[in-house]
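Colleague: The structure follows.
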Amino acid sequence: MKPIFLVCFLLLLIRNPSVAAPIQFTSVTKEAGIHFEHHNGARGQRYFVEPLGGGAAFLDYNNDGLQDIYLVNGADLSSLTEKQPEEIESPHNALYRNNGDGTFTDVAMAAGVADTGYGMGCAVGDYDNDGFPDLYVTNFGANVFFRNNGDGTFTDVTRGTGTGDTRWGASCAFVDYDNDGFLDLYVTNYVKYEVESDQVCMNKGVRVYCDPRLYEGELDLLYHNNGDGTFTDVTEAAGFSGATGRGLALAWGDYDDDGDMDIYIANDADRNFLYRNNGDGTFTDVSLTAGVGFSEDGEAENGMGADFGDYDNDGNLDLVVTNFQDQTNTLYHNEGNGLFSDVSYASQIGTMSLPYLAWGVGFADYNNDGYQDLFIANGHLDENVQGFNPTGFYEQPNQLFRNNRDGTFDEVGVDSGSGMRLEKVSRGFAYADYDNDGDLDLLVTNLKGSPDLLENRGGQNRWLTLKLIGTRSNRDAIGARVTVTAGNLTQVREVQSGSSYLSQNDMRLHFGLGKHSQVDRMEIRWPSGLQERIEGVKANQTLTLVEGTVESSR
């Protein structure tokens with residue numbers, strides 16, 4: 001820290017002793033034993049698929065209380081059309097088991113989840129309610145469904161479940177949209193594209209990746225869980241026949257607080273979709289009337305990532321969408337009456353996002369003050385971007401927006417540790433408390449590079465983490481809404497699968513409590529409709545709450 005800034009910071013501490021030192025994020029990837037390298041198959045031809053992958057997931061696959069990591073890899077594009085020599089090892093996805101001592105071990109081969117397809121994203125959910133998280137992977141090509149056997153291994157059940165769609169899958173998420181106790185599955189499909197028909201595109205005489213508008217969007221997929229290990233494609237019957245945008249991201253959330261989950265879909269160069277759950281197995285696209293289909297200027301933007309979260313603690317789920325360079329990352333405030341307001345500039349996020357091309361995004365209370373902040377992963381498409389855009393740059397810093405608790409955010413990445421000052425070509429993003437120390441750590445995937453596991457160091461605020469287990473509801477309790485009140489601080493969280501961009505967060509619910517030593521009141525609304533309440537919960541602990549037995553928990 002330069003002397004003049006150090007003096008100013010010390011003066012600030014003198015005037016306001018409650019100001020704590022900034023949280024520091026440090027990349028511990030190598031120390032953790034994570035040696036994964038993303039491979040996108042690029043060899044100079046600039047195939048349209050190359051710059052988009054890949055995602056990551058936090059999951060506790062072996063139920064030892066520690067969050068493990070799944071990383072999705074690409075492939076050699078020639079391997080999709082040509083048989084490769086057996087002695088050449090293909091790039092594959094990785095499953096890193098958390099050893100509980102700050103290190104991880106790649107067990108993908110032994111576990112049976114080292115898929116070698118051209119991977120995009122993934123999501124986690126216990127579709128058969130057996131107590132072990134299962135894994136779905138989207139590919140440029142056939143998607144893959146892995147069932148967790150409960151013994152450290154997985155079985156490929158793609159064919160038996162009927163979920164092996166061969167189109168270009170992007171983001172995916174599990175949800176119990178009809179609250180029947182079984183997790184359903186939504187998959188966004190991107191565009192109709194084949195490597196053999198790839199087009200050549202130029203910008204000011206420079207070869208570039210093509211504009212997505214050259215390719216027609218694909219219809220998304222909604223699979224209904226039949227409860228017997230199989231799924232049925234109900235896309236059109238459920239009202240999604242119009243979901244043919246170039247879908248890259250999705251987020252499930254009960255934005256109208258009526259007890260069932262709605263879905264937002266971020267499309268690339270198409271209007272975004274908000275589908276309201278009608279409660280009868282069908283959905284209605286309300287994006288235009290809700291005000292979340294276009295930018296504030298009425299333009300269709302290049303939606304990359306999306307997430308729901310209540311950043312102002314008013315009890316209504318707000319919405320964030322990441323976009324292309326020279327477009328704002330759009331923050332929509334939920335007005336509570338079915339309408340959203342674009343507050344991108346008013347929140348101070350809009351202007352600060354214009355120079356960047358943004359992908360993964362998430363609402364996450366990194367400093368445990370009880371207000372959700374925003375992390376955004378950035379990186380350009382073209383490594384030669386300055387050849388046609390002198391203001392652009394390929395490797396970009398990611399951004400951390402601290403919630404000022406007054407409707408505005410400050411970008412504090414440069415002050416938040418060496419891990420936030422890295423400049424790479426980032427894509428996916430997920431968060432979890434992987435070391436169980438009470439604060440949220442971050443995981444960022446990088447195109448053609450290693451991921452960054454960013455450990456959260458510092459901070460003195462208190463916290464509470466909840467793991468919910470459904471009995472009448474789906475076992476993961478996806479869709480459950482929890483309201484926590486500590487003094488004058490009230491927060492809402494929902495259990496969620498799949499969001500950000502191609503990625504999956506820790507499904508445990510994390511609440512920062514500031515200086516409060518206990519939660520005065522906690523209310524849980526389970527997907528089954530059951531409502532339970534608990535009072536006087538001590539801070540700084542992880543609780544497991546089982547549906548129907550909450551009153552006995554503390």
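Letters A, B, ... mark the chains of the structure tokens in the order given; residue numbers begin at 1 per chain; ligand numbers begin at 1, in order shown.
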Give me the residues near Leu339 (chain A) as an MDAnalysis selection string, where near means some atom within 7 Å (using only C-alpha atoms) and where sequence neighbours in that chain fewer than 4 positions away do not count.

Modeller: chainID A and resid 290:291 334:335

Colleague: Determine which residues of region 95-302 of chain A receive a DSSP assignment of strand (DSSP E or B), computed from the backbone, and state them as number ranges by chain.

Modeller: A: 95-98, 104-106, 119-125, 134-148, 154-156, 168-175, 184-189, 191, 201-203, 206-208, 217, 221-225, 231-233, 247-253, 262-268, 273-277, 283-285, 302

Colleague: Leaving out Phe294 (chain A) and any residue of its chain fewer than 3 positions from it, which residues lie within 7 Å of it when counting only C-alpha atoms, given as a list in words?

Modeller: Arg271, Asn272, Gly298, Glu299, Ala300 and Glu301 of chain A

Colleague: Residues at most 8 Å from region 447-454 of chain A, counting only C-alpha atoms, excluding those fewer than 2 positions away in the same chain, as a list in words?

Modeller: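 Here the answer would be Phe25, Thr26, Ser27, Val28, Thr29, His35, Phe36, Glu37, His38, His39, Asn40, Pro51, Leu52, Gly53, Gly54, Gly419, Val425, Ser426, Arg427, Asp441, Leu442, Leu443, Val444, Thr445 and Asn456 of chain A.
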
Colleague: Could you save the residues just selected, with N, CA and C atoms, as a PDB file, in the first residue's frame?

Modeller:
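again.pdb, written as the output of this step:
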```pdb
ATOM      1  N   PHE A  25      -8.786 -11.868  -0.878  1.00  0.00           N
ATOM      2  CA  PHE A  25      -8.935 -13.123  -1.591  1.00  0.00           C
ATOM      3  C   PHE A  25      -7.581 -13.525  -2.171  1.00  0.00           C
ATOM      4  N   THR A  26      -7.170 -14.748  -1.895  1.00  0.00           N
ATOM      5  CA  THR A  26      -5.877 -15.251  -2.339  1.00  0.00           C
ATOM      6  C   THR A  26      -6.078 -16.516  -3.159  1.00  0.00           C
ATOM      7  N   SER A  27      -5.433 -16.584  -4.315  1.00  0.00           N
ATOM      8  CA  SER A  27      -5.530 -17.785  -5.134  1.00  0.00           C
ATOM      9  C   SER A  27      -4.690 -18.888  -4.495  1.00  0.00           C
ATOM     10  N   VAL A  28      -5.351 -19.999  -4.154  1.00  0.00           N
ATOM     11  CA  VAL A  28      -4.669 -21.132  -3.521  1.00  0.00           C
ATOM     12  C   VAL A  28      -4.749 -22.377  -4.408  1.00  0.00           C
ATOM     13  N   THR A  29      -4.921 -22.157  -5.694  1.00  0.00           N
ATOM     14  CA  THR A  29      -5.146 -23.262  -6.624  1.00  0.00           C
ATOM     15  C   THR A  29      -4.023 -24.292  -6.579  1.00  0.00           C
ATOM     16  N   HIS A  35      -4.706 -29.082 -10.446  1.00  0.00           N
ATOM     17  CA  HIS A  35      -3.811 -28.931 -11.602  1.00  0.00           C
ATOM     18  C   HIS A  35      -4.563 -28.981 -12.927  1.00  0.00           C
ATOM     19  N   PHE A  36      -5.827 -28.768 -12.879  1.00  0.00           N
ATOM     20  CA  PHE A  36      -6.690 -28.816 -14.064  1.00  0.00           C
ATOM     21  C   PHE A  36      -6.322 -27.701 -15.050  1.00  0.00           C
ATOM     22  N   GLU A  37      -6.342 -28.019 -16.337  1.00  0.00           N
ATOM     23  CA  GLU A  37      -6.148 -27.045 -17.409  1.00  0.00           C
ATOM     24  C   GLU A  37      -7.311 -27.165 -18.391  1.00  0.00           C
ATOM     25  N   HIS A  38      -7.998 -26.053 -18.617  1.00  0.00           N
ATOM     26  CA  HIS A  38      -9.107 -26.078 -19.566  1.00  0.00           C
ATOM     27  C   HIS A  38      -8.572 -26.143 -20.990  1.00  0.00           C
ATOM     28  N   HIS A  39      -9.223 -26.961 -21.797  1.00  0.00           N
ATOM     29  CA  HIS A  39      -8.817 -27.183 -23.182  1.00  0.00           C
ATOM     30  C   HIS A  39     -10.018 -26.887 -24.074  1.00  0.00           C
ATOM     31  N   ASN A  40      -9.851 -25.982 -25.041  1.00  0.00           N
ATOM     32  CA  ASN A  40     -10.994 -25.659 -25.906  1.00  0.00           C
ATOM     33  C   ASN A  40     -10.798 -26.089 -27.348  1.00  0.00           C
ATOM     34  N   PRO A  51     -14.642 -20.211 -27.775  1.00  0.00           N
ATOM     35  CA  PRO A  51     -14.414 -19.272 -26.669  1.00  0.00           C
ATOM     36  C   PRO A  51     -15.442 -19.303 -25.546  1.00  0.00           C
ATOM     37  N   LEU A  52     -16.347 -20.300 -25.487  1.00  0.00           N
ATOM     38  CA  LEU A  52     -17.499 -20.191 -24.587  1.00  0.00           C
ATOM     39  C   LEU A  52     -17.411 -21.001 -23.291  1.00  0.00           C
ATOM     40  N   GLY A  53     -16.693 -22.124 -23.266  1.00  0.00           N
ATOM     41  CA  GLY A  53     -16.670 -22.965 -22.048  1.00  0.00           C
ATOM     42  C   GLY A  53     -15.649 -22.491 -21.036  1.00  0.00           C
ATOM     43  N   GLY A  54     -15.625 -23.112 -19.890  1.00  0.00           N
ATOM     44  CA  GLY A  54     -16.527 -24.107 -19.371  1.00  0.00           C
ATOM     45  C   GLY A  54     -16.878 -23.788 -17.918  1.00  0.00           C
ATOM     46  N   GLY A 419      -5.740 -12.283  -5.338  1.00  0.00           N
ATOM     47  CA  GLY A 419      -6.603 -13.114  -6.159  1.00  0.00           C
ATOM     48  C   GLY A 419      -7.598 -12.327  -6.982  1.00  0.00           C
ATOM     49  N   VAL A 425      -8.811 -14.832 -18.786  1.00  0.00           N
ATOM     50  CA  VAL A 425      -9.987 -14.905 -19.659  1.00  0.00           C
ATOM     51  C   VAL A 425     -11.011 -15.784 -18.937  1.00  0.00           C
ATOM     52  N   SER A 426     -11.707 -15.174 -17.990  1.00  0.00           N
ATOM     53  CA  SER A 426     -12.571 -15.924 -17.082  1.00  0.00           C
ATOM     54  C   SER A 426     -13.931 -16.208 -17.717  1.00  0.00           C
ATOM     55  N   ARG A 427     -14.561 -17.272 -17.234  1.00  0.00           N
ATOM     56  CA  ARG A 427     -15.861 -17.675 -17.747  1.00  0.00           C
ATOM     57  C   ARG A 427     -16.818 -18.040 -16.594  1.00  0.00           C
ATOM     58  N   ASP A 441     -15.847 -18.608  -0.150  1.00  0.00           N
ATOM     59  CA  ASP A 441     -14.708 -18.632  -1.055  1.00  0.00           C
ATOM     60  C   ASP A 441     -15.229 -18.694  -2.489  1.00  0.00           C
ATOM     61  N   LEU A 442     -14.376 -18.381  -3.439  1.00  0.00           N
ATOM     62  CA  LEU A 442     -14.799 -18.240  -4.823  1.00  0.00           C
ATOM     63  C   LEU A 442     -14.017 -19.172  -5.730  1.00  0.00           C
ATOM     64  N   LEU A 443     -14.673 -19.651  -6.775  1.00  0.00           N
ATOM     65  CA  LEU A 443     -14.033 -20.483  -7.792  1.00  0.00           C
ATOM     66  C   LEU A 443     -14.337 -19.897  -9.157  1.00  0.00           C
ATOM     67  N   VAL A 444     -13.282 -19.630  -9.927  1.00  0.00           N
ATOM     68  CA  VAL A 444     -13.430 -19.027 -11.251  1.00  0.00           C
ATOM     69  C   VAL A 444     -12.759 -19.924 -12.279  1.00  0.00           C
ATOM     70  N   THR A 445     -13.460 -20.237 -13.360  1.00  0.00           N
ATOM     71  CA  THR A 445     -12.841 -20.998 -14.442  1.00  0.00           C
ATOM     72  C   THR A 445     -12.305 -20.037 -15.489  1.00  0.00           C
ATOM     73  N   ASN A 456     -11.106 -16.885   0.922  1.00  0.00           N
ATOM     74  CA  ASN A 456     -11.525 -15.663   1.603  1.00  0.00           C
ATOM     75  C   ASN A 456     -10.791 -15.576   2.942  1.00  0.00           C
TER      76      ASN A 456
END
```

Colleague: For Asn316 (chain A), work out the shell of residues within 9 Å, counting only C-alpha atoms and skipping chain neighbours fewer than 6 positions away, then give it as a list in words.

Modeller: Asp254, Tyr255, Asp256, Asp257, Gly309, Asp310, His333, Asn334, Glu335, Gly336 and Val492 of chain A

Colleague: Using only C-alpha atoms, which residue out of A:Ala430, A:Val124, A:Ile265, A:Ala32 lies closest to Arg97 (chain A)?

Modeller: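 Between A:Ala430, A:Val124, A:Ile265, A:Ala32, the residue approaching Arg97 (chain A) most closely is A:Ala32.
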
Colleague: Could you pull out the helix (DSSP H, G or I) residues of region 136-362 of chain A, going by DSSP on the backbone, and write them as an MDAnalysis selection string?

Modeller: chainID A and resid 158:161 195:197 212:214 287:290 349:353

Colleague: In Å, with one decimal, what is the gap from CA of Arg475 (chain A) to CA of Gly548 (chain A)?

Modeller: 12.4 Å

Colleague: With only C-alpha atoms as the counted atoms, please give the residues lying no more than 8 Å from region 468-471 of chain A, apart from itself and same-chain residues fewer than 2 positions off, as a ChimeraX atom specification.

Modeller: /A:466,473-477,508,526,544-548

Colleague: Contacts of Ser171 (chain A) at 7 Å or less, counting only C-alpha atoms, minus same-chain residues fewer than 5 places along, as a PyMOL selection string?

Modeller: chain A and resi 121-122+187-188+248-250+501-502

Colleague: Select, from A:Glu535, A:Asp115, A:Asp126, A:Asp285, the residue with the minimum atom-to-atom distance to Asp262 (chain A), counting only C-alpha atoms.

Modeller: A:Asp285

Colleague: Ranking A:Arg481, A:Arg457, A:Arg246, A:Arg472 by minimum distance to Thr549 (chain A) and counting only C-alpha atoms, which one comes first?

Modeller: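 For Thr549 (chain A), the nearest of the given residues is A:Arg472.
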
Colleague: Measuring between only C-alpha atoms, which one of A:Gly315, A:Gly160, A:Gly102, A:Gly360 shows the shortest distance to Phe429 (chain A)?

Modeller: A:Gly360

Colleague: Can you work out the spacing between CA of Val157 (chain A) and CA of Asp228 (chain A) in Å, to one decimal?

Modeller: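 Pair CA of Val157 (chain A) / CA of Asp228 (chain A) returns 12.7 Å.
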
Colleague: What is the CA of Arg402 (chain A) to CA of Phe308 (chain A) distance in Å?

Modeller: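 CA of Phe308 (chain A) lies at a distance of 16.7 Å from CA of Arg402 (chain A).
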
Colleague: Which residue, A:Met109, A:Leu374, A:Ala358, A:Ala364, has the smallest gap to Gln396 (chain A) when you use only C-alpha atoms?

Modeller: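 Of all the options, A:Ala358 lies closest to Gln396 (chain A).
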
Colleague: Of the candidates A:Gly74, A:Pro22, A:Pro91, A:Pro212, which one gets nearest to Phe140 (chain A) if we count only C-alpha atoms?

Modeller: A:Gly74
